[in-house]
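Some notes on the structure that comes next.
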Amino acid sequence: MAELPTGAAVDLTAYDAVLFDLDGVLTPTAEVHMHAWQSMFDTLFEEWDITPPYTSEDYFQYVDGKKRYDGVASLLRSRDVEVPWGDPSDPVTADTVCGIGNRKNVVFTRVLREEGIEPYAGSLALVDALVARGVPLAVVSSSKNAVEVLDAAGIADRFAAVVDGVVAERDGLPSKPAPDVFLRGAADLGVAPSRAVAVEDAISGVESAAAGGFALVIGVDRGVGADALRAAGAHVVVGDLADLLT
């Protein structure tokens with residue numbers, strides 16, 4: 001499909017299904033994730049005397065859209081730091097990729113439970129419009145907290161399938177930008193990628209959907225930049241999903 005101009009009218013009901021990323025697309029949990037990563041890496045870098053300091057640019061380049069442990073490994077590798085992978089059951093005190101990733105999750109879950117989360121108003125409006133038209137929907141997220149976030153936001157009942165970090169780890173599905181998680185989401189809905197839409201805000205997520213051969217890949221610009229999303233494979237980029245309401 002040829003690239004569409006920014007803000008172009010798109011009839012999502014013309015497709016067999018729509019698959020959404022979660023953090024930064026449906027809910028502003030990306031901000032909570034960013035805060036949790038910053039807090040955890042700031043402490044780790046100080047303790048281990050790692051330079052240069054962790055920045056928000058590191059989040060977008062090495063962490064955003066990836067499974068938690070893959071993000072840790074990628075970020076540490078950017079600083080020439082290698083630690084054992086460990087096991088997901090590792091305690092937060094373990095100096096392993098999994099232990100470090102689990103430290104971040106402690107911060108994230110505390111903030112989510114204390115403060116809750118609300119879906120983006122424009123995203124909720126689009127989702128409800130699609131549900132009303134009978135379009136099957138799924139969530140495809142790298143987060144292991146996806147189900148908890150959907151429940152906290154009160155929108156879990158809108159989605160027929162959820163492929164998250166728990167499913168990916170259990171079934172050995174590689175992180176975005178590999179296409180596997182989006183392909184699983186389409187399979188769970190019983191639709192062909194060539195007849196489905198994928199909605200993403202992360203570069204790795206857009207690359208994942210594009211590699212999966214989805215008919216339409218929509219980028220939501222929450223700060224990455226429209227040009228970067230198009231370069232990754234987005235056919236159309238919007239600033240808010242309400243822009244897609246027809």
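All residue names refer to the structure tokens as shown: chains lettered A, B, ... in order, residues numbered from 1 in each chain, ligands numbered from 1 in order.
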**Study point:** All alpha helix (DSSP H) residues (DSSP, backbone) inside stretch 1-232 of chain A, as a VMD selection string
**Key:** chain A and resid 29 to 48 56 to 58 68 to 78 97 to 115 121 to 132 146 to 153 165 to 171 180 to 189 203 to 211 226 to 232
Review point. A:Leu244: which residues within 10 Å, counting only C-alpha atoms, same-chain residues fewer than 3 positions away excluded, as JSON, numbers by chain?
Key: {"A": [7, 8, 9, 10, 11, 12, 122, 123, 125, 126, 218, 238, 239, 240, 241]}
Check your understanding: When DSSP works through the backbone of this structure, what residues of stretch 3-242 of chain A end up as strand (DSSP E or B), shown as a PyMOL selection string?
Key -> chain A and resi 17-20+23+27+137-140+161-163+196-200+216-220+236-238
Output N, CA, C and O atoms of each residue in that selection to a file, as a JSON list (two decimals), in the first residue's frame.
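result-v7.json was written with the following content:
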```
[["chain", "number", "residue", "atom", "x", "y", "z"],
["A", 17, "ALA", "N", -10.01, -6.45, 10.76],
["A", 17, "ALA", "CA", -9.69, -6.33, 12.18],
["A", 17, "ALA", "C", -8.71, -5.18, 12.36],
["A", 17, "ALA", "O", -8.03, -4.76, 11.42],
["A", 18, "VAL", "N", -8.63, -4.68, 13.60],
["A", 18, "VAL", "CA", -7.66, -3.65, 13.95],
["A", 18, "VAL", "C", -6.91, -4.11, 15.21],
["A", 18, "VAL", "O", -7.53, -4.49, 16.20],
["A", 19, "LEU", "N", -5.59, -4.06, 15.14],
["A", 19, "LEU", "CA", -4.74, -4.49, 16.24],
["A", 19, "LEU", "C", -4.00, -3.27, 16.78],
["A", 19, "LEU", "O", -3.32, -2.56, 16.03],
["A", 20, "PHE", "N", -4.12, -3.03, 18.08],
["A", 20, "PHE", "CA", -3.54, -1.86, 18.72],
["A", 20, "PHE", "C", -2.39, -2.22, 19.64],
["A", 20, "PHE", "O", -2.50, -3.17, 20.44],
["A", 23, "ASP", "N", 0.66, 0.73, 25.25],
["A", 23, "ASP", "CA", 1.32, 1.89, 25.87],
["A", 23, "ASP", "C", 1.60, 2.98, 24.85],
["A", 23, "ASP", "O", 2.32, 2.75, 23.88],
["A", 27, "THR", "N", -3.38, 3.90, 26.01],
["A", 27, "THR", "CA", -3.26, 4.51, 27.33],
["A", 27, "THR", "C", -1.93, 5.24, 27.45],
["A", 27, "THR", "O", -0.94, 4.86, 26.80],
["A", 137, "LEU", "N", -11.17, -6.51, 17.48],
["A", 137, "LEU", "CA", -10.02, -5.75, 17.95],
["A", 137, "LEU", "C", -9.11, -6.63, 18.80],
["A", 137, "LEU", "O", -9.57, -7.55, 19.50],
["A", 138, "ALA", "N", -7.82, -6.31, 18.78],
["A", 138, "ALA", "CA", -6.84, -7.00, 19.62],
["A", 138, "ALA", "C", -5.83, -5.99, 20.14],
["A", 138, "ALA", "O", -5.64, -4.92, 19.56],
["A", 139, "VAL", "N", -5.19, -6.36, 21.23],
["A", 139, "VAL", "CA", -4.06, -5.59, 21.76],
["A", 139, "VAL", "C", -2.80, -6.42, 21.56],
["A", 139, "VAL", "O", -2.78, -7.62, 21.88],
["A", 140, "VAL", "N", -1.77, -5.80, 21.01],
["A", 140, "VAL", "CA", -0.47, -6.45, 20.82],
["A", 140, "VAL", "C", 0.56, -5.57, 21.50],
["A", 140, "VAL", "O", 0.92, -4.51, 21.01],
["A", 161, "ALA", "N", -8.70, -10.37, 21.79],
["A", 161, "ALA", "CA", -7.42, -11.07, 21.97],
["A", 161, "ALA", "C", -6.40, -10.10, 22.53],
["A", 161, "ALA", "O", -6.42, -8.90, 22.22],
["A", 162, "VAL", "N", -5.51, -10.62, 23.37],
["A", 162, "VAL", "CA", -4.39, -9.85, 23.91],
["A", 162, "VAL", "C", -3.12, -10.68, 23.77],
["A", 162, "VAL", "O", -3.04, -11.79, 24.30],
["A", 163, "VAL", "N", -2.17, -10.15, 23.02],
["A", 163, "VAL", "CA", -0.85, -10.77, 22.90],
["A", 163, "VAL", "C", 0.12, -9.83, 23.58],
["A", 163, "VAL", "O", 0.39, -8.73, 23.09],
["A", 196, "ALA", "N", -5.82, -6.64, 7.60],
["A", 196, "ALA", "CA", -5.93, -6.07, 8.94],
["A", 196, "ALA", "C", -5.11, -4.79, 9.08],
["A", 196, "ALA", "O", -4.22, -4.50, 8.27],
["A", 197, "VAL", "N", -5.42, -4.04, 10.13],
["A", 197, "VAL", "CA", -4.75, -2.78, 10.44],
["A", 197, "VAL", "C", -3.96, -2.94, 11.73],
["A", 197, "VAL", "O", -4.42, -3.59, 12.68],
["A", 198, "ALA", "N", -2.77, -2.35, 11.77],
["A", 198, "ALA", "CA", -1.97, -2.30, 13.00],
["A", 198, "ALA", "C", -1.74, -0.84, 13.37],
["A", 198, "ALA", "O", -1.44, -0.01, 12.50],
["A", 199, "VAL", "N", -1.87, -0.53, 14.66],
["A", 199, "VAL", "CA", -1.72, 0.84, 15.14],
["A", 199, "VAL", "C", -0.62, 0.87, 16.19],
["A", 199, "VAL", "O", -0.69, 0.15, 17.20],
["A", 200, "GLU", "N", 0.40, 1.70, 15.97],
["A", 200, "GLU", "CA", 1.59, 1.71, 16.80],
["A", 200, "GLU", "C", 2.12, 3.12, 17.02],
["A", 200, "GLU", "O", 1.91, 4.01, 16.18],
["A", 216, "LEU", "N", -2.57, -2.04, 6.48],
["A", 216, "LEU", "CA", -2.45, -0.64, 6.84],
["A", 216, "LEU", "C", -1.74, -0.54, 8.18],
["A", 216, "LEU", "O", -2.16, -1.17, 9.16],
["A", 217, "VAL", "N", -0.66, 0.23, 8.21],
["A", 217, "VAL", "CA", 0.08, 0.46, 9.44],
["A", 217, "VAL", "C", -0.06, 1.94, 9.79],
["A", 217, "VAL", "O", 0.37, 2.80, 9.03],
["A", 218, "ILE", "N", -0.68, 2.19, 10.93],
["A", 218, "ILE", "CA", -0.92, 3.56, 11.36],
["A", 218, "ILE", "C", 0.06, 3.91, 12.48],
["A", 218, "ILE", "O", 0.14, 3.20, 13.49],
["A", 219, "GLY", "N", 0.78, 5.00, 12.32],
["A", 219, "GLY", "CA", 1.67, 5.50, 13.36],
["A", 219, "GLY", "C", 0.99, 6.59, 14.15],
["A", 219, "GLY", "O", 0.36, 7.47, 13.57],
["A", 220, "VAL", "N", 1.10, 6.51, 15.46],
["A", 220, "VAL", "CA", 0.57, 7.56, 16.34],
["A", 220, "VAL", "C", 1.78, 8.30, 16.91],
["A", 220, "VAL", "O", 2.59, 7.72, 17.62],
["A", 236, "VAL", "N", 0.31, 5.89, 7.32],
["A", 236, "VAL", "CA", -0.29, 7.16, 7.69],
["A", 236, "VAL", "C", 0.08, 7.44, 9.15],
["A", 236, "VAL", "O", 0.21, 6.51, 9.95],
["A", 237, "VAL", "N", 0.27, 8.71, 9.48],
["A", 237, "VAL", "CA", 0.64, 9.11, 10.84],
["A", 237, "VAL", "C", -0.38, 10.13, 11.34],
["A", 237, "VAL", "O", -0.72, 11.07, 10.63],
["A", 238, "VAL", "N", -0.85, 9.94, 12.58],
["A", 238, "VAL", "CA", -1.78, 10.88, 13.20],
["A", 238, "VAL", "C", -1.24, 11.27, 14.57],
["A", 238, "VAL", "O", -0.43, 10.55, 15.17]]
```
Practice item. Using only C-alpha atoms, pick whichever of A:Ala228, A:Ala73, A:Ala152, A:Ala168 has the shortest atom-to-atom distance to A:Glu114. Key: A:Ala152
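The smallest atom-to-atom distance between A:Glu115 and any of A:Met34, A:Tyr62, A:Thr29, A:Val167, using only C-alpha atoms, is found for A:Thr29.
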Would you pick out the contacts of A:Val111 at 12 Å or less, using only C-alpha atoms, so that residues sharing its chain but fewer than 4 positions from it are not included, and give the list as a PDB file with C-alpha atoms, in the first residue's frame?
```pdb
ATOM      1  CA  THR A  29       1.226   4.274  30.301  1.00  0.00           C
ATOM      2  CA  GLU A  31       4.837   8.013  30.473  1.00  0.00           C
ATOM      3  CA  VAL A  32       4.728   5.728  33.511  1.00  0.00           C
ATOM      4  CA  HIS A  33       7.101   3.288  31.797  1.00  0.00           C
ATOM      5  CA  MET A  34       9.479   6.112  30.902  1.00  0.00           C
ATOM      6  CA  HIS A  35       9.492   7.356  34.497  1.00  0.00           C
ATOM      7  CA  ALA A  36      10.096   3.843  35.823  1.00  0.00           C
ATOM      8  CA  LYS A 104      11.908  -1.454  36.834  1.00  0.00           C
ATOM      9  CA  ASN A 105       8.640  -3.325  37.046  1.00  0.00           C
ATOM     10  CA  VAL A 106       8.388  -2.735  40.789  1.00  0.00           C
ATOM     11  CA  VAL A 107       8.346   1.020  40.160  1.00  0.00           C
ATOM     12  CA  GLU A 115      -2.526   6.463  40.597  1.00  0.00           C
ATOM     13  CA  GLY A 116      -4.534   4.323  38.160  1.00  0.00           C
ATOM     14  CA  ILE A 117      -4.717   5.038  34.426  1.00  0.00           C
ATOM     15  CA  VAL A 149      -3.306  -1.923  32.489  1.00  0.00           C
ATOM     16  CA  ALA A 152      -7.151  -0.539  35.370  1.00  0.00           C
TER      17      ALA A 152
END
```
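Counting only C-alpha atoms, the residue from A:Phe41, A:Tyr15, A:Tyr59, A:Tyr54 that sits nearest to A:Ile203 is A:Tyr59.
Every protein or nucleic acid residue with an atom no more than 10 Å from A:Leu44, counting only C-alpha atoms and leaving out same-chain residues fewer than 6 positions away, appears here: Gln38, Ile50, Tyr54, Asp95, Ile100 and Arg103 of chain A.
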With N, CA, C and O atoms retained, write the just-selected residues as a tab-separated table (two decimals), in the first residue's frame.
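This is the output file out.tsv:
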```tsv
chain	number	residue	atom	x	y	z
A	38	GLN	N	13.62	5.48	33.78
A	38	GLN	CA	14.55	6.55	34.16
A	38	GLN	C	15.01	6.38	35.60
A	38	GLN	O	16.21	6.46	35.91
A	50	ILE	N	28.33	3.89	35.37
A	50	ILE	CA	28.15	3.76	33.93
A	50	ILE	C	27.95	5.13	33.32
A	50	ILE	O	27.18	5.95	33.82
A	54	TYR	N	21.82	7.95	31.47
A	54	TYR	CA	20.62	7.52	30.76
A	54	TYR	C	19.77	8.75	30.42
A	54	TYR	O	19.61	9.66	31.24
A	95	ASP	N	21.99	-9.10	39.84
A	95	ASP	CA	22.64	-8.31	38.80
A	95	ASP	C	22.64	-9.07	37.49
A	95	ASP	O	23.68	-9.43	36.93
A	100	ILE	N	17.44	-6.88	36.74
A	100	ILE	CA	17.36	-5.44	36.49
A	100	ILE	C	16.00	-5.08	35.92
A	100	ILE	O	15.39	-4.08	36.32
A	103	ARG	N	13.45	-4.93	38.60
A	103	ARG	CA	13.53	-3.71	39.42
A	103	ARG	C	12.65	-2.62	38.81
A	103	ARG	O	11.92	-1.92	39.53
```
For the interface of stretch 187-239 of chain A with stretch 170-180 of chain A (cut-off 7 Å, counting only C-alpha atoms), please tabulate each contacting residue of stretch 187-239 of chain A alongside its nearest pair of atoms and their separation in Å to one decimal, rows sorted by chain and increasing number, as a Markdown table.
```
| residue | atom | partner | partner_atom | distance |
| --- | --- | --- | --- | --- |
| A:Ser204 | CA | A:Pro177 | CA | 4.5 |
| A:Gly205 | CA | A:Lys176 | CA | 5.6 |
| A:Glu207 | CA | A:Pro177 | CA | 5.2 |
| A:Ser208 | CA | A:Pro177 | CA | 4.1 |
| A:Ala209 | CA | A:Pro179 | CA | 6.0 |
| A:Ala211 | CA | A:Pro179 | CA | 5.6 |
| A:Gly212 | CA | A:Pro179 | CA | 4.9 |
```
Practice item. Have a look at atom CA of A:Phe108 and atom CA of A:Glu148 and let me know their distance in Å, one decimal. Key: 11.4 Å
Review point. When you draw a straight line from atom CA of A:Ser142 to atom CA of A:Arg68, how long is it in Å?
Key: 7.4 Å
Surrounding residues of A:Ala94 excluding itself and chain neighbours under 5 positions, 12 Å, only C-alpha atoms, as a PDB file with C-alpha atoms, in the first residue's frame:
```pdb
ATOM      1  CA  LEU A  44      21.891   1.564  38.373  1.00  0.00           C
ATOM      2  CA  VAL A  83      25.630  -9.145  32.428  1.00  0.00           C
ATOM      3  CA  PRO A  84      24.192 -12.672  32.589  1.00  0.00           C
ATOM      4  CA  TRP A  85      20.662 -13.006  31.274  1.00  0.00           C
ATOM      5  CA  GLY A  86      19.394 -14.798  34.351  1.00  0.00           C
ATOM      6  CA  ASP A  87      15.804 -15.988  34.730  1.00  0.00           C
ATOM      7  CA  PRO A  88      12.463 -14.129  34.937  1.00  0.00           C
ATOM      8  CA  SER A  89      12.141 -15.413  38.502  1.00  0.00           C
ATOM      9  CA  GLY A  99      16.822  -8.956  37.813  1.00  0.00           C
ATOM     10  CA  ILE A 100      17.365  -5.436  36.488  1.00  0.00           C
ATOM     11  CA  GLY A 101      14.175  -5.623  34.432  1.00  0.00           C
ATOM     12  CA  ASN A 102      12.263  -6.760  37.507  1.00  0.00           C
ATOM     13  CA  ARG A 103      13.526  -3.712  39.418  1.00  0.00           C
TER      14      ARG A 103
END
```
